[in-house]
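Here is run.pdb, consisting of PDB, C-alpha atoms:
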```
ATOM      1  CA  MET V  11     -55.495 142.320 -65.015  1.00  0.00           C
ATOM      2  CA  ALA V  12     -54.076 139.108 -66.491  1.00  0.00           C
ATOM      3  CA  ASP V  13     -50.854 139.932 -68.258  1.00  0.00           C
ATOM      4  CA  ALA V  14     -49.653 136.779 -69.972  1.00  0.00           C
ATOM      5  CA  ARG V  15     -50.821 133.827 -72.050  1.00  0.00           C
ATOM      6  CA  PHE V  16     -49.787 130.217 -72.065  1.00  0.00           C
ATOM      7  CA  GLU V  17     -47.571 129.287 -75.006  1.00  0.00           C
ATOM      8  CA  ASP V  18     -50.452 128.167 -77.241  1.00  0.00           C
ATOM      9  CA  GLY V  19     -52.422 131.334 -76.471  1.00  0.00           C
ATOM     10  CA  THR V  20     -55.538 129.540 -75.251  1.00  0.00           C
ATOM     11  CA  GLU V  21     -55.609 130.568 -71.614  1.00  0.00           C
ATOM     12  CA  LYS V  22     -54.786 133.726 -69.754  1.00  0.00           C
ATOM     13  CA  PRO V  23     -53.244 132.876 -66.409  1.00  0.00           C
ATOM     14  CA  LEU V  24     -54.315 135.160 -63.621  1.00  0.00           C
ATOM     15  CA  ARG V  25     -51.678 137.588 -62.345  1.00  0.00           C
ATOM     16  CA  LEU V  26     -52.725 140.196 -59.805  1.00  0.00           C
ATOM     17  CA  ARG V  27     -50.822 142.496 -57.491  1.00  0.00           C
ATOM     18  CA  ALA V  28     -52.158 143.998 -54.272  1.00  0.00           C
ATOM     19  CA  GLN V  29     -50.382 146.974 -52.749  1.00  0.00           C
ATOM     20  CA  SER V  30     -53.072 148.391 -50.485  1.00  0.00           C
ATOM     21  CA  ASP V  31     -55.703 147.052 -48.114  1.00  0.00           C
ATOM     22  CA  GLY V  32     -58.299 148.096 -50.723  1.00  0.00           C
ATOM     23  CA  ASP V  33     -56.838 145.521 -53.136  1.00  0.00           C
ATOM     24  CA  LEU V  34     -56.828 142.732 -50.558  1.00  0.00           C
ATOM     25  CA  PRO V  35     -60.547 141.744 -50.785  1.00  0.00           C
ATOM     26  CA  ILE V  36     -60.069 140.819 -54.457  1.00  0.00           C
ATOM     27  CA  LEU V  37     -57.231 138.428 -53.639  1.00  0.00           C
ATOM     28  CA  ALA V  38     -59.110 137.104 -50.607  1.00  0.00           C
ATOM     29  CA  ALA V  39     -62.153 136.302 -52.761  1.00  0.00           C
ATOM     30  CA  LEU V  40     -60.064 134.506 -55.375  1.00  0.00           C
ATOM     31  CA  LEU V  41     -58.137 132.537 -52.745  1.00  0.00           C
ATOM     32  CA  GLN V  42     -61.110 131.498 -50.628  1.00  0.00           C
ATOM     33  CA  ASP V  43     -61.024 127.715 -50.188  1.00  0.00           C
ATOM     34  CA  ALA V  44     -57.546 127.365 -51.701  1.00  0.00           C
ATOM     35  CA  VAL V  45     -55.734 124.332 -50.315  1.00  0.00           C
ATOM     36  CA  PHE V  46     -52.062 123.703 -49.618  1.00  0.00           C
ATOM     37  CA  THR V  47     -49.760 121.675 -47.401  1.00  0.00           C
ATOM     38  CA  ALA V  48     -47.117 122.847 -44.946  1.00  0.00           C
ATOM     39  CA  ALA V  49     -44.546 121.737 -47.535  1.00  0.00           C
ATOM     40  CA  ASP V  50     -46.011 124.384 -49.895  1.00  0.00           C
ATOM     41  CA  VAL V  51     -45.004 127.228 -47.554  1.00  0.00           C
ATOM     42  CA  LYS V  52     -41.627 128.867 -48.118  1.00  0.00           C
ATOM     43  CA  TRP V  53     -40.361 131.792 -46.056  1.00  0.00           C
ATOM     44  CA  GLN V  54     -37.038 133.318 -47.027  1.00  0.00           C
ATOM     45  CA  PRO V  55     -36.058 135.628 -44.145  1.00  0.00           C
ATOM     46  CA  LYS V  56     -32.947 137.002 -45.864  1.00  0.00           C
ATOM     47  CA  SER V  57     -34.906 138.215 -48.880  1.00  0.00           C
ATOM     48  CA  ARG V  58     -37.981 138.974 -46.690  1.00  0.00           C
ATOM     49  CA  ARG V  59     -40.162 136.982 -49.047  1.00  0.00           C
ATOM     50  CA  PHE V  60     -42.971 134.541 -48.263  1.00  0.00           C
ATOM     51  CA  ASP V  61     -44.230 132.187 -50.998  1.00  0.00           C
ATOM     52  CA  LEU V  62     -47.255 129.963 -50.776  1.00  0.00           C
ATOM     53  CA  LEU V  63     -48.055 127.406 -53.488  1.00  0.00           C
ATOM     54  CA  LEU V  64     -51.823 126.971 -53.541  1.00  0.00           C
ATOM     55  CA  ASN V  65     -54.394 124.909 -55.318  1.00  0.00           C
ATOM     56  CA  ARG V  66     -57.213 127.416 -55.761  1.00  0.00           C
ATOM     57  CA  PHE V  67     -60.794 127.059 -56.941  1.00  0.00           C
ATOM     58  CA  ARG V  68     -61.471 129.230 -60.005  1.00  0.00           C
ATOM     59  CA  TRP V  69     -64.200 131.417 -58.510  1.00  0.00           C
ATOM     60  CA  GLU V  70     -63.909 133.812 -61.438  1.00  0.00           C
ATOM     61  CA  ASP V  71     -65.122 131.028 -63.772  1.00  0.00           C
ATOM     62  CA  ALA V  72     -67.692 129.285 -61.543  1.00  0.00           C
ATOM     63  CA  ASP V  73     -70.802 131.059 -62.886  1.00  0.00           C
ATOM     64  CA  HIS V  74     -69.774 130.405 -66.499  1.00  0.00           C
ATOM     65  CA  ALA V  75     -69.033 126.741 -65.770  1.00  0.00           C
ATOM     66  CA  GLN V  76     -72.399 126.291 -64.113  1.00  0.00           C
ATOM     67  CA  ARG V  77     -74.294 128.008 -66.959  1.00  0.00           C
ATOM     68  CA  GLU V  78     -72.404 126.000 -69.575  1.00  0.00           C
ATOM     69  CA  ASN V  79     -72.872 122.766 -67.600  1.00  0.00           C
ATOM     70  CA  ARG V  80     -69.144 122.021 -67.557  1.00  0.00           C
ATOM     71  CA  PRO V  81     -66.962 120.901 -64.648  1.00  0.00           C
ATOM     72  CA  PHE V  82     -65.712 123.421 -62.118  1.00  0.00           C
ATOM     73  CA  GLU V  83     -61.983 124.032 -62.208  1.00  0.00           C
ATOM     74  CA  ARG V  84     -58.997 124.548 -59.958  1.00  0.00           C
ATOM     75  CA  VAL V  85     -55.553 125.916 -60.800  1.00  0.00           C
ATOM     76  CA  ARG V  86     -52.153 125.925 -59.093  1.00  0.00           C
ATOM     77  CA  CYS V  87     -50.934 129.387 -58.172  1.00  0.00           C
ATOM     78  CA  ILE V  88     -48.265 131.130 -56.142  1.00  0.00           C
ATOM     79  CA  LEU V  89     -49.005 133.853 -53.634  1.00  0.00           C
ATOM     80  CA  THR V  90     -45.844 135.903 -53.085  1.00  0.00           C
ATOM     81  CA  ILE V  91     -45.687 138.354 -50.204  1.00  0.00           C
ATOM     82  CA  ARG V  92     -42.755 140.771 -50.029  1.00  0.00           C
ATOM     83  CA  ASP V  93     -41.284 142.866 -47.212  1.00  0.00           C
ATOM     84  CA  VAL V  94     -42.104 140.197 -44.599  1.00  0.00           C
ATOM     85  CA  GLN V  95     -40.327 140.838 -41.322  1.00  0.00           C
ATOM     86  CA  LYS V  96     -41.653 137.921 -39.262  1.00  0.00           C
ATOM     87  CA  VAL V  97     -43.926 134.890 -39.632  1.00  0.00           C
ATOM     88  CA  ALA V  98     -45.887 133.323 -36.797  1.00  0.00           C
ATOM     89  CA  SER V  99     -48.378 130.463 -36.802  1.00  0.00           C
ATOM     90  CA  GLN V 100     -51.330 129.639 -34.599  1.00  0.00           C
ATOM     91  CA  GLY V 101     -52.648 126.111 -34.188  1.00  0.00           C
ATOM     92  CA  LEU V 102     -50.290 124.564 -36.744  1.00  0.00           C
ATOM     93  CA  LYS V 103     -48.391 121.556 -35.476  1.00  0.00           C
ATOM     94  CA  PRO V 104     -44.834 121.221 -36.789  1.00  0.00           C
ATOM     95  CA  GLY V 105     -43.705 118.039 -38.501  1.00  0.00           C
ATOM     96  CA  ASN V 106     -46.798 117.265 -40.556  1.00  0.00           C
ATOM     97  CA  ALA V 107     -45.781 118.477 -44.021  1.00  0.00           C
ATOM     98  CA  ASP V 108     -48.556 116.479 -45.744  1.00  0.00           C
ATOM     99  CA  LEU V 109     -51.459 117.904 -43.740  1.00  0.00           C
ATOM    100  CA  ILE V 110     -53.883 119.622 -46.134  1.00  0.00           C
ATOM    101  CA  LEU V 111     -54.737 123.165 -45.048  1.00  0.00           C
ATOM    102  CA  SER V 112     -57.559 125.326 -46.382  1.00  0.00           C
ATOM    103  CA  LEU V 113     -57.303 129.107 -46.677  1.00  0.00           C
ATOM    104  CA  LEU V 114     -60.467 130.907 -45.627  1.00  0.00           C
ATOM    105  CA  THR V 115     -59.478 134.557 -45.981  1.00  0.00           C
ATOM    106  CA  LEU V 116     -56.786 137.237 -45.884  1.00  0.00           C
ATOM    107  CA  GLY V 117     -56.931 140.254 -43.610  1.00  0.00           C
ATOM    108  CA  PHE V 118     -54.708 143.230 -42.872  1.00  0.00           C
ATOM    109  CA  THR V 119     -54.306 145.104 -39.592  1.00  0.00           C
ATOM    110  CA  PRO V 120     -52.231 148.286 -39.945  1.00  0.00           C
ATOM    111  CA  THR V 121     -49.948 149.471 -37.170  1.00  0.00           C
ATOM    112  CA  GLU V 122     -49.210 153.077 -36.218  1.00  0.00           C
ATOM    113  CA  ASP V 123     -45.912 153.107 -38.108  1.00  0.00           C
ATOM    114  CA  GLY V 124     -47.563 152.301 -41.454  1.00  0.00           C
ATOM    115  CA  ALA V 125     -46.552 148.641 -41.385  1.00  0.00           C
ATOM    116  CA  GLY V 126     -48.955 145.948 -40.225  1.00  0.00           C
ATOM    117  CA  PHE V 127     -50.000 142.342 -39.903  1.00  0.00           C
ATOM    118  CA  LEU V 128     -51.234 140.213 -42.774  1.00  0.00           C
ATOM    119  CA  ASP V 129     -53.376 137.383 -41.417  1.00  0.00           C
ATOM    120  CA  LEU V 130     -54.029 134.209 -43.392  1.00  0.00           C
ATOM    121  CA  THR V 131     -56.980 132.566 -41.645  1.00  0.00           C
ATOM    122  CA  LEU V 132     -57.217 128.831 -42.191  1.00  0.00           C
ATOM    123  CA  ALA V 133     -59.965 126.298 -41.532  1.00  0.00           C
ATOM    124  CA  GLY V 134     -59.744 124.587 -38.151  1.00  0.00           C
ATOM    125  CA  ASP V 135     -58.803 127.665 -36.100  1.00  0.00           C
ATOM    126  CA  GLU V 136     -55.344 127.738 -37.646  1.00  0.00           C
ATOM    127  CA  ALA V 137     -53.662 130.879 -38.913  1.00  0.00           C
ATOM    128  CA  LEU V 138     -50.487 132.432 -40.217  1.00  0.00           C
ATOM    129  CA  ARG V 139     -49.604 135.993 -39.217  1.00  0.00           C
ATOM    130  CA  LEU V 140     -47.034 137.874 -41.223  1.00  0.00           C
ATOM    131  CA  SER V 141     -45.534 141.076 -39.924  1.00  0.00           C
ATOM    132  CA  VAL V 142     -45.069 143.181 -43.058  1.00  0.00           C
ATOM    133  CA  GLU V 143     -43.391 146.493 -43.726  1.00  0.00           C
ATOM    134  CA  CYS V 144     -46.060 147.244 -46.350  1.00  0.00           C
ATOM    135  CA  LEU V 145     -48.638 145.337 -48.372  1.00  0.00           C
ATOM    136  CA  ASP V 146     -47.057 143.896 -51.490  1.00  0.00           C
ATOM    137  CA  LEU V 147     -48.653 140.656 -52.701  1.00  0.00           C
ATOM    138  CA  THR V 148     -48.690 138.981 -56.088  1.00  0.00           C
ATOM    139  CA  LEU V 149     -50.990 136.132 -57.070  1.00  0.00           C
ATOM    140  CA  SER V 150     -49.893 134.225 -60.184  1.00  0.00           C
ATOM    141  CA  ASP V 151     -51.466 131.163 -61.770  1.00  0.00           C
ATOM    142  CA  VAL V 152     -48.732 128.700 -62.761  1.00  0.00           C
ATOM    143  CA  THR V 153     -50.664 125.833 -64.380  1.00  0.00           C
ATOM    144  CA  ARG V 154     -53.539 125.433 -66.768  1.00  0.00           C
ATOM    145  CA  PRO V 155     -56.919 125.071 -65.080  1.00  0.00           C
ATOM    146  CA  TYR V 156     -57.977 121.474 -64.458  1.00  0.00           C
ATOM    147  CA  ARG V 157     -61.205 119.780 -63.418  1.00  0.00           C
ATOM    148  CA  ALA V 158     -61.902 120.148 -59.694  1.00  0.00           C
ATOM    149  CA  PRO V 159     -61.476 116.646 -58.210  1.00  0.00           C
ATOM    150  CA  SER V 160     -64.895 116.732 -56.551  1.00  0.00           C
ATOM    151  CA  GLY V 161     -66.503 118.250 -59.640  1.00  0.00           C
ATOM    152  CA  ARG V 162     -68.329 120.667 -57.311  1.00  0.00           C
ATOM    153  CA  ALA V 163     -67.817 124.158 -56.005  1.00  0.00           C
ATOM    154  CA  PRO V 164     -66.713 124.431 -52.367  1.00  0.00           C
ATOM    155  CA  ALA V 165     -69.709 124.610 -50.041  1.00  0.00           C
ATOM    156  CA  HIS V 166     -69.986 126.890 -47.036  1.00  0.00           C
ATOM    157  CA  LYS V 167     -72.157 126.340 -44.018  1.00  0.00           C
ATOM    158  CA  ASP V 168     -73.586 129.208 -42.033  1.00  0.00           C
ATOM    159  CA  LEU V 169     -72.110 129.282 -38.552  1.00  0.00           C
TER     160      LEU V 169
END
```
Structure rendered as structure tokens:
Amino acid sequence: MADARFEDGTEKPLRLRAQSDGDLPILAALLQDAVFTAADVKWQPKSRRFDLLLNRFRWEDADHAQRENRPFERVRCILTIRDVQKVASQGLKPGNADLILSLLTLGFTPTEDGAGFLDLTLAGDEALRLSVECLDLTLSDVTRPYRAPSGRAPAHKDL
């Protein structure tokens, strides 16, 4: 579903749109272990838009990188969520714009009126809950992929 190339034509930046809860698991899988800071969060109440600048691991390339014995990659991307009515946070302390946060997953809970809550679950029992009129999310890569600083894929421990 990528729809654009960088100027030299070598890379296809990812650009996906989710408009139903059936689309959400794809975005959640691609955004698992993405990192950001509080300074990377922008909510614009007047335009009912929520933007999140993330540094995501390229899960879609991990198997190829491992087989080809090349470094794993990350890429900067923007997650845009439209029709946001309200934003609430849990466990996030204000005033620490440089704190690095890690996104674990996205989830949607519909309400009776057809709207719902979009939950961004973060590591450390932190979360963002967006009250949305409908699901309308766009994930867009905005930089070329670069070598993951650790050189490894994120590791998960069984709880």
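These residues, each with an atom at most 10 Å from (-60.3, 127.2, -43.3) using all atoms listed in the file, are Gln42, Asp43, Ala44, Val45, Leu111, Ser112, Leu113, Leu114, Thr115, Leu130, Thr131, Leu132, Ala133, Gly134, Asp135, Glu136 and Ala137 of chain V.
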Which residue of V:Lys103, V:Lys96, V:Lys22, V:Arg139 approaches Lys56 of chain V most closely, using all atoms listed in the file: V:Lys96
Which residues would end up in the selection if the PyMOL selection byres ((chain V and resi 66) around 12) were applied here, given that I need the answer as a PDB file with C-alpha atoms, in the frame of the given file?
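Result file selection-v4.pdb:
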```pdb
ATOM      1  CA  LEU V  24     -54.315 135.160 -63.621  1.00  0.00           C
ATOM      2  CA  LEU V  37     -57.231 138.428 -53.639  1.00  0.00           C
ATOM      3  CA  ALA V  38     -59.110 137.104 -50.607  1.00  0.00           C
ATOM      4  CA  ALA V  39     -62.153 136.302 -52.761  1.00  0.00           C
ATOM      5  CA  LEU V  40     -60.064 134.506 -55.375  1.00  0.00           C
ATOM      6  CA  LEU V  41     -58.137 132.537 -52.745  1.00  0.00           C
ATOM      7  CA  GLN V  42     -61.110 131.498 -50.628  1.00  0.00           C
ATOM      8  CA  ASP V  43     -61.024 127.715 -50.188  1.00  0.00           C
ATOM      9  CA  ALA V  44     -57.546 127.365 -51.701  1.00  0.00           C
ATOM     10  CA  VAL V  45     -55.734 124.332 -50.315  1.00  0.00           C
ATOM     11  CA  PHE V  46     -52.062 123.703 -49.618  1.00  0.00           C
ATOM     12  CA  LEU V  62     -47.255 129.963 -50.776  1.00  0.00           C
ATOM     13  CA  LEU V  63     -48.055 127.406 -53.488  1.00  0.00           C
ATOM     14  CA  LEU V  64     -51.823 126.971 -53.541  1.00  0.00           C
ATOM     15  CA  ASN V  65     -54.394 124.909 -55.318  1.00  0.00           C
ATOM     16  CA  PHE V  67     -60.794 127.059 -56.941  1.00  0.00           C
ATOM     17  CA  ARG V  68     -61.471 129.230 -60.005  1.00  0.00           C
ATOM     18  CA  TRP V  69     -64.200 131.417 -58.510  1.00  0.00           C
ATOM     19  CA  GLU V  70     -63.909 133.812 -61.438  1.00  0.00           C
ATOM     20  CA  ASP V  71     -65.122 131.028 -63.772  1.00  0.00           C
ATOM     21  CA  PHE V  82     -65.712 123.421 -62.118  1.00  0.00           C
ATOM     22  CA  GLU V  83     -61.983 124.032 -62.208  1.00  0.00           C
ATOM     23  CA  ARG V  84     -58.997 124.548 -59.958  1.00  0.00           C
ATOM     24  CA  VAL V  85     -55.553 125.916 -60.800  1.00  0.00           C
ATOM     25  CA  ARG V  86     -52.153 125.925 -59.093  1.00  0.00           C
ATOM     26  CA  CYS V  87     -50.934 129.387 -58.172  1.00  0.00           C
ATOM     27  CA  ILE V  88     -48.265 131.130 -56.142  1.00  0.00           C
ATOM     28  CA  LEU V  89     -49.005 133.853 -53.634  1.00  0.00           C
ATOM     29  CA  LEU V 111     -54.737 123.165 -45.048  1.00  0.00           C
ATOM     30  CA  SER V 112     -57.559 125.326 -46.382  1.00  0.00           C
ATOM     31  CA  LEU V 113     -57.303 129.107 -46.677  1.00  0.00           C
ATOM     32  CA  LEU V 114     -60.467 130.907 -45.627  1.00  0.00           C
ATOM     33  CA  LEU V 149     -50.990 136.132 -57.070  1.00  0.00           C
ATOM     34  CA  SER V 150     -49.893 134.225 -60.184  1.00  0.00           C
ATOM     35  CA  ASP V 151     -51.466 131.163 -61.770  1.00  0.00           C
ATOM     36  CA  VAL V 152     -48.732 128.700 -62.761  1.00  0.00           C
ATOM     37  CA  THR V 153     -50.664 125.833 -64.380  1.00  0.00           C
ATOM     38  CA  ARG V 154     -53.539 125.433 -66.768  1.00  0.00           C
ATOM     39  CA  PRO V 155     -56.919 125.071 -65.080  1.00  0.00           C
ATOM     40  CA  TYR V 156     -57.977 121.474 -64.458  1.00  0.00           C
ATOM     41  CA  ARG V 157     -61.205 119.780 -63.418  1.00  0.00           C
ATOM     42  CA  ALA V 158     -61.902 120.148 -59.694  1.00  0.00           C
ATOM     43  CA  PRO V 159     -61.476 116.646 -58.210  1.00  0.00           C
ATOM     44  CA  ALA V 163     -67.817 124.158 -56.005  1.00  0.00           C
ATOM     45  CA  PRO V 164     -66.713 124.431 -52.367  1.00  0.00           C
TER      46      PRO V 164
END
```
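Among the candidate residues V:Ala48, V:Ala165, V:Leu116, V:Val97, the one lying nearest to Leu147 of chain V is V:Leu116, with distances computed using only C-alpha atoms.
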Interatomic distance (Å, one decimal) between atom CA of Leu34 of chain V and atom CA of Ala75 of chain V: 25.2 Å
The PyMOL selection byres ((chain V and resi 58) around 10) resolved against shown file, as a PyMOL selection string: chain V and resi 53-57+59-60+91-96+142-143
Distance in Å - atom CA of Leu109 of chain V versus atom CA of Asp129 of chain V: 19.7 Å
Name every residue that the PyMOL selection byres ((chain V and resi 145) around 6) selects in this structure, writing the answer as a tab-separated table (two decimals) with C-alpha atoms, in the frame of the given file with chains first and numbers rising.
```
chain	number	residue	atom	x	y	z
V	29	GLN	CA	-50.38	146.97	-52.75
V	30	SER	CA	-53.07	148.39	-50.48
V	144	CYS	CA	-46.06	147.24	-46.35
V	146	ASP	CA	-47.06	143.90	-51.49
```
Please enclose the listed atoms of segment 70-82 of chain V in an axis-aligned box, pad each side by 4 Å, and write out the centre and the three edge lengths in Å, rounded to one decimal, as JSON.
```
{"center_x": -69.1, "center_y": 127.4, "center_z": -65.5, "size_x": 18.4, "size_y": 20.9, "size_z": 16.1}
```
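In this model, the gap between atom CA of Gly105 of chain V and atom CA of Thr47 of chain V comes to 11.4 Å.
Nearest residue to Phe118 of chain V among V:Gly161, V:Pro23, V:Pro104, V:Pro35 is V:Pro35, counting only C-alpha atoms.
For the residues V:Gly126, V:Gln100, V:Ala28, V:Gly117, ranking by smallest atom-to-atom distance to Leu138 of chain V using all atoms listed in the file places V:Gln100 first.
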Residue nearest Lys52 of chain V - candidates V:Thr148, V:Thr90, V:Gln76, V:Asn106, atoms counted: all atoms listed in the file: V:Thr90
Shortest interatomic distance to Asp108 of chain V - which of V:Arg25, V:Ala49, V:Asp33, V:His74, counting all atoms listed in the file: V:Ala49
